[in-house]
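Structure data follow from query_33.cif (mmCIF, C-alpha atoms):
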data_work
#
loop_
_atom_site.group_PDB
_atom_site.id
_atom_site.type_symbol
_atom_site.label_atom_id
_atom_site.label_comp_id
_atom_site.auth_asym_id
_atom_site.auth_seq_id
_atom_site.Cartn_x
_atom_site.Cartn_y
_atom_site.Cartn_z
ATOM 1 C CA MET A 1 19.070 4.224 5.085
ATOM 2 C CA GLU A 2 15.260 4.463 5.070
ATOM 3 C CA ASP A 3 15.380 8.280 5.195
ATOM 4 C CA LYS A 4 17.859 8.296 2.318
ATOM 5 C CA ILE A 5 15.622 6.049 0.217
ATOM 6 C CA ASN A 6 12.521 8.132 1.009
ATOM 7 C CA LYS A 7 14.365 11.316 0.000
ATOM 8 C CA GLN A 8 15.484 9.758 -3.289
ATOM 9 C CA VAL A 9 11.962 8.502 -4.053
ATOM 10 C CA GLU A 10 10.556 11.962 -3.406
ATOM 11 C CA GLU A 11 13.217 13.965 -5.246
ATOM 12 C CA LYS A 12 14.404 11.644 -8.033
ATOM 13 C CA PRO A 13 12.017 8.689 -8.448
ATOM 14 C CA LEU A 14 12.966 6.040 -10.989
ATOM 15 C CA THR A 15 10.766 5.598 -14.039
ATOM 16 C CA LYS A 16 8.951 2.298 -14.491
ATOM 17 C CA GLU A 17 11.505 1.285 -17.131
ATOM 18 C CA GLU A 18 14.464 2.133 -14.846
ATOM 19 C CA SER A 19 12.838 0.265 -11.966
ATOM 20 C CA LYS A 20 12.255 -2.811 -14.123
ATOM 21 C CA ALA A 21 15.879 -2.824 -15.295
ATOM 22 C CA GLN A 22 17.061 -2.566 -11.664
ATOM 23 C CA PHE A 23 14.613 -5.306 -10.600
ATOM 24 C CA GLU A 24 15.928 -7.690 -13.264
ATOM 25 C CA GLU A 25 19.585 -6.826 -12.612
ATOM 26 C CA VAL A 26 19.405 -7.343 -8.831
ATOM 27 C CA THR A 27 17.321 -10.508 -9.252
ATOM 28 C CA GLU A 28 19.967 -11.982 -11.547
ATOM 29 C CA GLU A 29 22.896 -10.800 -9.432
ATOM 30 C CA LEU A 30 21.533 -12.145 -6.124
ATOM 31 C CA GLY A 31 19.680 -15.167 -7.500
ATOM 32 C CA LEU A 32 16.386 -13.980 -6.020
ATOM 33 C CA LEU A 33 13.054 -15.751 -6.367
ATOM 34 C CA HIS A 34 9.816 -13.732 -6.346
ATOM 35 C CA SER A 35 6.133 -14.228 -5.532
ATOM 36 C CA PHE A 36 5.147 -11.468 -7.970
ATOM 37 C CA ASP A 37 6.456 -10.440 -11.374
ATOM 38 C CA PHE A 38 7.662 -6.876 -11.866
ATOM 39 C CA ASP A 39 4.361 -5.475 -13.176
ATOM 40 C CA GLU A 40 2.445 -6.948 -10.223
ATOM 41 C CA ALA A 41 4.969 -5.535 -7.741
ATOM 42 C CA TRP A 42 4.868 -2.139 -9.481
ATOM 43 C CA ASN A 43 1.059 -2.075 -9.315
ATOM 44 C CA ILE A 44 1.127 -2.946 -5.596
ATOM 45 C CA GLY A 45 3.454 0.025 -5.056
ATOM 46 C CA LEU A 46 1.171 2.348 -7.045
ATOM 47 C CA GLU A 47 -1.880 1.181 -5.071
ATOM 48 C CA ILE A 48 -0.095 1.820 -1.751
ATOM 49 C CA ARG A 49 0.861 5.309 -2.946
ATOM 50 C CA ARG A 50 -2.660 6.048 -4.256
ATOM 51 C CA ARG A 51 -4.324 5.082 -0.977
ATOM 52 C CA LYS A 52 -1.749 6.997 1.073
ATOM 53 C CA GLU A 53 -2.252 10.143 -1.035
ATOM 54 C CA PHE A 54 -6.054 9.854 -0.730
ATOM 55 C CA ARG A 55 -5.810 9.650 3.054
ATOM 56 C CA GLU A 56 -3.540 12.687 3.227
ATOM 57 C CA ASN A 57 -5.770 14.664 0.843
ATOM 58 C CA ILE A 58 -9.079 13.861 2.550
ATOM 59 C CA SER A 59 -7.572 14.742 5.932
ATOM 60 C CA ASP A 60 -6.404 18.081 4.505
ATOM 61 C CA LEU A 61 -9.874 18.641 2.993
ATOM 62 C CA GLU A 62 -11.509 17.922 6.342
ATOM 63 C CA LYS A 63 -9.292 20.498 8.076
ATOM 64 C CA ALA A 64 -10.043 23.065 5.369
ATOM 65 C CA VAL A 65 -13.801 22.486 5.437
ATOM 66 C CA THR A 66 -14.045 22.815 9.221
ATOM 67 C CA SER A 67 -11.844 25.927 9.372
ATOM 68 C CA ILE A 68 -13.548 28.104 6.720
ATOM 69 C CA ASP A 69 -16.409 30.490 7.453
ATOM 70 C CA GLY A 70 -19.621 28.483 7.268
ATOM 71 C CA GLY A 71 -17.831 25.198 7.994
ATOM 72 C CA MET A 72 -19.879 23.307 10.559
ATOM 73 C CA THR A 73 -18.654 21.351 13.554
ATOM 74 C CA GLY A 74 -20.007 20.339 16.949
ATOM 75 C CA GLU A 75 -23.448 21.523 18.033
ATOM 76 C CA LEU A 76 -24.197 23.433 14.809
ATOM 77 C CA LEU A 77 -23.377 20.374 12.691
ATOM 78 C CA HIS A 78 -25.683 18.141 14.765
ATOM 79 C CA LYS A 79 -28.469 20.717 14.688
ATOM 80 C CA THR A 80 -28.293 21.025 10.893
ATOM 81 C CA ASN A 81 -27.891 17.261 10.401
ATOM 82 C CA PRO A 82 -30.193 15.698 13.028
ATOM 83 C CA VAL A 83 -29.659 12.036 13.891
ATOM 84 C CA LYS A 84 -32.224 9.488 15.050
ATOM 85 C CA HIS A 85 -30.783 6.618 17.136
ATOM 86 C CA THR A 86 -32.528 3.236 17.498
ATOM 87 C CA PHE A 87 -31.422 0.050 19.284
ATOM 88 C CA ALA A 88 -33.159 -3.233 18.411
ATOM 89 C CA GLY A 89 -32.274 -6.935 18.277
ATOM 90 C CA GLY A 90 -28.532 -6.519 18.798
ATOM 91 C CA CYS A 91 -28.339 -3.706 16.242
ATOM 92 C CA TYR A 92 -27.782 0.026 16.367
ATOM 93 C CA VAL A 93 -29.624 1.920 13.613
ATOM 94 C CA ARG A 94 -28.433 5.452 12.841
ATOM 95 C CA GLU A 95 -30.623 7.656 10.635
ATOM 96 C CA ILE A 96 -29.244 11.047 9.633
ATOM 97 C CA TYR A 97 -30.826 13.895 7.692
ATOM 98 C CA ASN A 98 -28.493 15.949 5.462
ATOM 99 C CA PRO A 99 -29.577 19.206 3.786
ATOM 100 C CA ALA A 100 -29.046 19.721 0.050
ATOM 101 C CA ASN A 101 -25.750 21.167 -1.224
ATOM 102 C CA GLU A 102 -23.731 20.135 1.813
ATOM 103 C CA LEU A 103 -20.158 18.807 1.852
ATOM 104 C CA ILE A 104 -19.662 16.202 4.570
ATOM 105 C CA ILE A 105 -16.452 14.455 5.645
ATOM 106 C CA THR A 106 -17.171 11.284 7.605
ATOM 107 C CA LYS A 107 -15.176 9.564 10.296
ATOM 108 C CA ILE A 108 -13.220 6.352 9.559
ATOM 109 C CA HIS A 109 -15.233 3.154 9.825
ATOM 110 C CA LYS A 110 -13.769 0.379 11.992
ATOM 111 C CA LYS A 111 -16.344 -2.303 11.119
ATOM 112 C CA GLU A 112 -18.104 -3.440 7.965
ATOM 113 C CA HIS A 113 -21.808 -2.598 7.907
ATOM 114 C CA PRO A 114 -24.725 -1.976 5.516
ATOM 115 C CA PHE A 115 -25.994 1.489 4.612
ATOM 116 C CA PHE A 116 -29.165 2.720 2.941
ATOM 117 C CA LEU A 117 -29.883 5.975 1.125
ATOM 118 C CA MET A 118 -33.624 6.339 1.700
ATOM 119 C CA GLN A 119 -34.118 9.784 0.178
ATOM 120 C CA GLY A 120 -32.137 12.102 -2.077
ATOM 121 C CA GLU A 121 -29.083 11.994 -4.278
ATOM 122 C CA MET A 122 -25.396 12.294 -3.393
ATOM 123 C CA SER A 123 -21.884 11.935 -4.762
ATOM 124 C CA ILE A 124 -19.418 9.997 -2.603
ATOM 125 C CA LEU A 125 -15.613 10.084 -2.802
ATOM 126 C CA THR A 126 -13.637 7.240 -1.168
ATOM 127 C CA GLU A 127 -10.293 5.506 -1.745
ATOM 128 C CA ASP A 128 -12.054 3.561 -4.508
ATOM 129 C CA GLY A 129 -13.071 6.690 -6.458
ATOM 130 C CA ILE A 130 -16.279 8.682 -6.975
ATOM 131 C CA GLU A 131 -19.717 7.086 -6.861
ATOM 132 C CA HIS A 132 -22.992 8.858 -7.626
ATOM 133 C CA ILE A 133 -25.992 7.307 -5.868
ATOM 134 C CA LYS A 134 -29.694 8.046 -5.792
ATOM 135 C CA ALA A 135 -32.384 6.734 -3.438
ATOM 136 C CA PRO A 136 -33.468 4.052 -3.002
ATOM 137 C CA TYR A 137 -29.951 2.612 -2.713
ATOM 138 C CA GLN A 138 -28.175 0.132 -0.459
ATOM 139 C CA GLY A 139 -24.518 -0.705 -0.092
ATOM 140 C CA VAL A 140 -21.843 -1.965 2.299
ATOM 141 C CA THR A 141 -19.299 0.200 4.076
ATOM 142 C CA LYS A 142 -15.911 -1.536 4.270
ATOM 143 C CA VAL A 143 -13.432 -1.290 7.125
ATOM 144 C CA GLY A 144 -11.192 1.763 6.730
ATOM 145 C CA THR A 145 -13.708 3.767 4.692
ATOM 146 C CA LYS A 146 -13.658 7.552 5.060
ATOM 147 C CA ARG A 147 -15.968 9.483 2.756
ATOM 148 C CA ALA A 148 -16.320 12.965 1.330
ATOM 149 C CA ILE A 149 -20.018 13.330 0.489
ATOM 150 C CA TYR A 150 -21.766 16.048 -1.494
ATOM 151 C CA THR A 151 -25.558 16.102 -1.207
ATOM 152 C CA HIS A 152 -27.318 17.167 -4.426
ATOM 153 C CA GLU A 153 -30.697 17.019 -2.667
ATOM 154 C CA GLU A 154 -32.004 16.664 0.877
ATOM 155 C CA CYS A 155 -30.930 13.161 1.963
ATOM 156 C CA ILE A 156 -31.844 10.573 4.558
ATOM 157 C CA PHE A 157 -28.992 8.119 5.140
ATOM 158 C CA ILE A 158 -29.240 5.066 7.398
ATOM 159 C CA THR A 159 -26.490 2.810 8.725
ATOM 160 C CA VAL A 160 -27.002 -0.439 10.652
ATOM 161 C CA HIS A 161 -24.401 -1.833 13.070
ATOM 162 C CA ALA A 162 -24.372 -5.192 14.846
ATOM 163 C CA THR A 163 -23.382 -4.486 18.459
ATOM 164 C CA ASP A 164 -23.898 -5.583 22.043
ATOM 165 C CA ASN A 165 -23.501 -1.998 23.228
ATOM 166 C CA THR A 166 -26.588 -0.001 24.138
ATOM 167 C CA SER A 167 -25.176 3.509 24.550
ATOM 168 C CA ILE A 168 -24.527 5.851 21.631
ATOM 169 C CA GLN A 169 -21.072 6.809 22.926
ATOM 170 C CA ASP A 170 -19.977 3.161 23.298
ATOM 171 C CA VAL A 171 -21.261 2.265 19.827
ATOM 172 C CA GLU A 172 -19.442 5.213 18.273
ATOM 173 C CA GLU A 173 -16.167 4.142 19.909
ATOM 174 C CA GLU A 174 -16.765 0.616 18.599
ATOM 175 C CA VAL A 175 -17.605 1.448 14.979
ATOM 176 C CA VAL A 176 -15.713 4.645 14.035
ATOM 177 C CA CYS A 177 -12.447 6.439 14.709
ATOM 178 C CA THR A 178 -10.722 9.634 13.614
ATOM 179 C CA ARG A 179 -7.246 8.176 12.893
ATOM 180 C CA TYR A 180 -6.299 5.350 10.536
ATOM 181 C CA GLU A 181 -3.850 4.147 13.194
ATOM 182 C CA ASP A 182 -6.839 3.210 15.368
ATOM 183 C CA LEU A 183 -8.280 0.698 12.897
ATOM 184 C CA PRO A 184 -8.355 -2.916 14.167
ATOM 185 C CA LYS A 185 -5.133 -4.835 13.489
ATOM 186 C CA GLY A 186 -5.218 -6.829 10.270
ATOM 187 C CA CYS A 187 -8.198 -4.906 8.857
ATOM 188 C CA ASP A 188 -6.576 -1.908 7.162
ATOM 189 C CA ALA A 189 -6.178 -2.516 3.408
ATOM 190 C CA LEU A 190 -3.189 -0.172 3.235
ATOM 191 C CA ASP A 191 -1.322 -2.030 5.986
ATOM 192 C CA ILE A 192 -2.108 -5.367 4.315
ATOM 193 C CA LEU A 193 -0.662 -4.091 1.018
ATOM 194 C CA ARG A 194 2.471 -2.844 2.791
ATOM 195 C CA GLN A 195 3.047 -6.261 4.366
ATOM 196 C CA ILE A 196 2.960 -8.208 1.108
ATOM 197 C CA ASN A 197 6.177 -10.160 0.716
ATOM 198 C CA LEU A 198 7.404 -9.699 -2.832
ATOM 199 C CA LYS A 199 10.037 -12.410 -2.459
ATOM 200 C CA GLN A 200 9.307 -16.124 -2.406
ATOM 201 C CA LYS A 201 9.731 -17.824 0.929
#

Before we go any further, please render this structure as structure tokens.
Amino acid sequence: MEDKINKQVEEKPLTKEESKAQFEEVTEELGLLHSFDFDEAWNIGLEIRRRKEFRENISDLEKAVTSIDGGMTGELLHKTNPVKHTFAGGCYVREIYNPANELIITKIHKKEHPFFLMQGEMSILTEDGIEHIKAPYQGVTKVGTKRAIYTHEECIFITVHATDNTSIQDVEEEVVCTRYEDLPKGCDALDILRQINLKQK
């Protein structure tokens, strides 16, 4: 049944008006009670779809960027974007230099943490849209964030992570991942949206 529904949604999706008529008809027919009105439920569905599409698109972009001539990975990436690692007072501080006119796709963040743009100017694309920031700037990275960053100038970007770990490899395993499936349970905004119960208990 699920495959049949997914195929119908992909090939012949209902319009908002058709969906609302169906929502009202089935509600009346089955005597259903709801926690959300139709517009709220529709917007939840759109938000789930928007986030899902972003994740698919940024993953495709990452594959494309790393596969083209001039796309940097591994040793070359680290050499061009040197990182300074510091441990102090139960924190790991990561300072990275990024050259101007570089497109960077980050890993997925598993923990909330502050970040600081100390030098330069960049545009950042996340699930929440595009943000243009210029140093000095500070912000907070939320759980589940994966960024596409374009550096307009040479940049110095710092992140700070509370941790008991004292090795770079252990900290990286604690704070980032490469798959959304590896985010901590109950922290992924997309999963939380999917679990919303539209019917009253």

Task: Expected selection from the PyMOL selection byres ((chain A and resi 107-120) around 7), given as a PyMOL selection string - done: chain A and resi 105-106+121-122+134-146+153-161+175-178+183-184

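Among the candidates A:Lys84, A:Arg147, A:His152, A:Lys185, the residue lying nearest to A:Asn57 is A:Arg147 (atoms considered: only C-alpha atoms).
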
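Between atom CA of A:Leu103 and atom CA of A:His78 there is a distance of 14.1 Å.
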
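Matched in the shown structure by the PyMOL selection byres ((chain A and resi 61) around 12): Phe54, Arg55, Glu56, Asn57, Ile58, Ser59, Asp60, Glu62, Lys63, Ala64, Val65, Thr66, Ser67, Ile68, Gly71, Leu103, Ile104, Ile105, Thr106, Leu125, Lys146, Arg147, Ala148 and Ile149 of chain A.
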
Keeping C-alpha atoms, export the residues of the selection given above as a PDB file, in the frame of the given file.
ATOM      1  CA  PHE A  54      -6.054   9.854  -0.730  1.00  0.00           C
ATOM      2  CA  ARG A  55      -5.810   9.650   3.054  1.00  0.00           C
ATOM      3  CA  GLU A  56      -3.540  12.687   3.227  1.00  0.00           C
ATOM      4  CA  ASN A  57      -5.770  14.664   0.843  1.00  0.00           C
ATOM      5  CA  ILE A  58      -9.079  13.861   2.550  1.00  0.00           C
ATOM      6  CA  SER A  59      -7.572  14.742   5.932  1.00  0.00           C
ATOM      7  CA  ASP A  60      -6.404  18.081   4.505  1.00  0.00           C
ATOM      8  CA  GLU A  62     -11.509  17.922   6.342  1.00  0.00           C
ATOM      9  CA  LYS A  63      -9.292  20.498   8.076  1.00  0.00           C
ATOM     10  CA  ALA A  64     -10.043  23.065   5.369  1.00  0.00           C
ATOM     11  CA  VAL A  65     -13.801  22.486   5.437  1.00  0.00           C
ATOM     12  CA  THR A  66     -14.045  22.815   9.221  1.00  0.00           C
ATOM     13  CA  SER A  67     -11.844  25.927   9.372  1.00  0.00           C
ATOM     14  CA  ILE A  68     -13.548  28.104   6.720  1.00  0.00           C
ATOM     15  CA  GLY A  71     -17.831  25.198   7.994  1.00  0.00           C
ATOM     16  CA  LEU A 103     -20.158  18.807   1.852  1.00  0.00           C
ATOM     17  CA  ILE A 104     -19.662  16.202   4.570  1.00  0.00           C
ATOM     18  CA  ILE A 105     -16.452  14.455   5.645  1.00  0.00           C
ATOM     19  CA  THR A 106     -17.171  11.284   7.605  1.00  0.00           C
ATOM     20  CA  LEU A 125     -15.613  10.084  -2.802  1.00  0.00           C
ATOM     21  CA  LYS A 146     -13.658   7.552   5.060  1.00  0.00           C
ATOM     22  CA  ARG A 147     -15.968   9.483   2.756  1.00  0.00           C
ATOM     23  CA  ALA A 148     -16.320  12.965   1.330  1.00  0.00           C
ATOM     24  CA  ILE A 149     -20.018  13.330   0.489  1.00  0.00           C
TER      25      ILE A 149
END

- [ ] Would you please work out which residue, of A:Glu102, A:Trp42, A:Asp170, A:Tyr92, is nearest to A:Leu14 when using all atoms listed in the file?
- [x] A:Trp42

TODO: Return as a list of chain:residue names the set of residues that the PyMOL selection byres ((chain A and resi 127) around 7) yields on the displayed structure.
DONE: A:Arg51, A:Phe54, A:Thr126, A:Asp128, A:Gly129

Spatial neighbours of A:Ala88, 12 Å, all atoms listed in the file, chain gap at least 3 places, as a PDB file with C-alpha atoms, in the frame of the given file:
ATOM      1  CA  HIS A  85     -30.783   6.618  17.136  1.00  0.00           C
ATOM      2  CA  CYS A  91     -28.339  -3.706  16.242  1.00  0.00           C
ATOM      3  CA  TYR A  92     -27.782   0.026  16.367  1.00  0.00           C
ATOM      4  CA  VAL A  93     -29.624   1.920  13.613  1.00  0.00           C
ATOM      5  CA  ARG A  94     -28.433   5.452  12.841  1.00  0.00           C
ATOM      6  CA  VAL A 160     -27.002  -0.439  10.652  1.00  0.00           C
ATOM      7  CA  HIS A 161     -24.401  -1.833  13.070  1.00  0.00           C
ATOM      8  CA  ALA A 162     -24.372  -5.192  14.846  1.00  0.00           C
ATOM      9  CA  THR A 163     -23.382  -4.486  18.459  1.00  0.00           C
ATOM     10  CA  ASP A 164     -23.898  -5.583  22.043  1.00  0.00           C
ATOM     11  CA  ASN A 165     -23.501  -1.998  23.228  1.00  0.00           C
ATOM     12  CA  THR A 166     -26.588  -0.001  24.138  1.00  0.00           C
TER      13      THR A 166
END

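Of the listed residues (A:Glu174, A:Glu95, A:Glu2, A:Glu29), A:Glu95 comes nearest to A:Val83; the distances count all atoms listed in the file.
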
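From atom CA of A:Thr80 back to atom CA of A:His132, the distance works out to 22.8 Å.
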
- [ ] Take atom CA of A:Ile133 and atom CA of A:Arg50 and report the distance between them in Å, one decimal.
- [x] 23.4 Å

Task: Among the residues A:Gly90, A:Tyr180, A:Cys187, A:Val171, the one that comes closest to A:Lys52 [using all atoms listed in the file] - done: A:Tyr180
